[in-house]
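What follows is a set of notes on a single structure, which appears directly below.
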Amino acid sequence: MKDAPTGKTLKTKKPATDWEALRNMNATEIRAGIDSDLDAQATDDNFWSDAEVVMPKPKQVVTIRLDADLLDWFRKENGYQTRINAILRAYMKANDHRTGHNPSP
């Protein structure tokens with residue numbers, strides 16, 4: 001007999017951001033944190049000069065059978081369908097030379 005869907009929801013992990021501490025910071029403290037972050041870089045008009053709006057392509061709904069342990073592994077984190085899509089896209093791009101087809105990004 002097939003197992004019925006459980007209807008259970010994903011368990012979410014505690015966010016990495018301490019939102020309570022952030023809410024208690026004033027604007028000067030927030031700015032100092034941004035300025036000290038080596039990954040945060042200001043942008044100027046030159047940075048945006050070649051920018052283009054790229055609308056995402058709509059997704060198609062499919063039914064696919066996956067091994068339970070594989071699906072459980074992906075579902076451990078939010079956005080598992082997006083990650084599966086990204087992995088399949090990387091595989092497609094890596095193997096595109098076989099068909100000579102050049103799919104869009």
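We label chains A, B, ... in the order they appear in the structure tokens, count residues from 1 in each chain, and number ligands from 1 in the order shown.
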
Exercise for review: Any chance you could list, as number ranges by chain, the residues in region 16-105 of chain A that come up helix (DSSP H, G or I) when DSSP is run on the backbone?
Suggested key: A: 19-23, 27-36, 45-48, 68-74, 80-94, 96-98

Point to revise | Long-range neighbours of Ile84 (chain A) as JSON, numbers by chain, 12 Å cut-off, only C-alpha atoms, 3 positions minimum in chain | key: {"A": [64, 66, 70, 71, 73, 74, 75, 77, 78, 79, 80, 81, 87, 88, 89, 90, 91]}
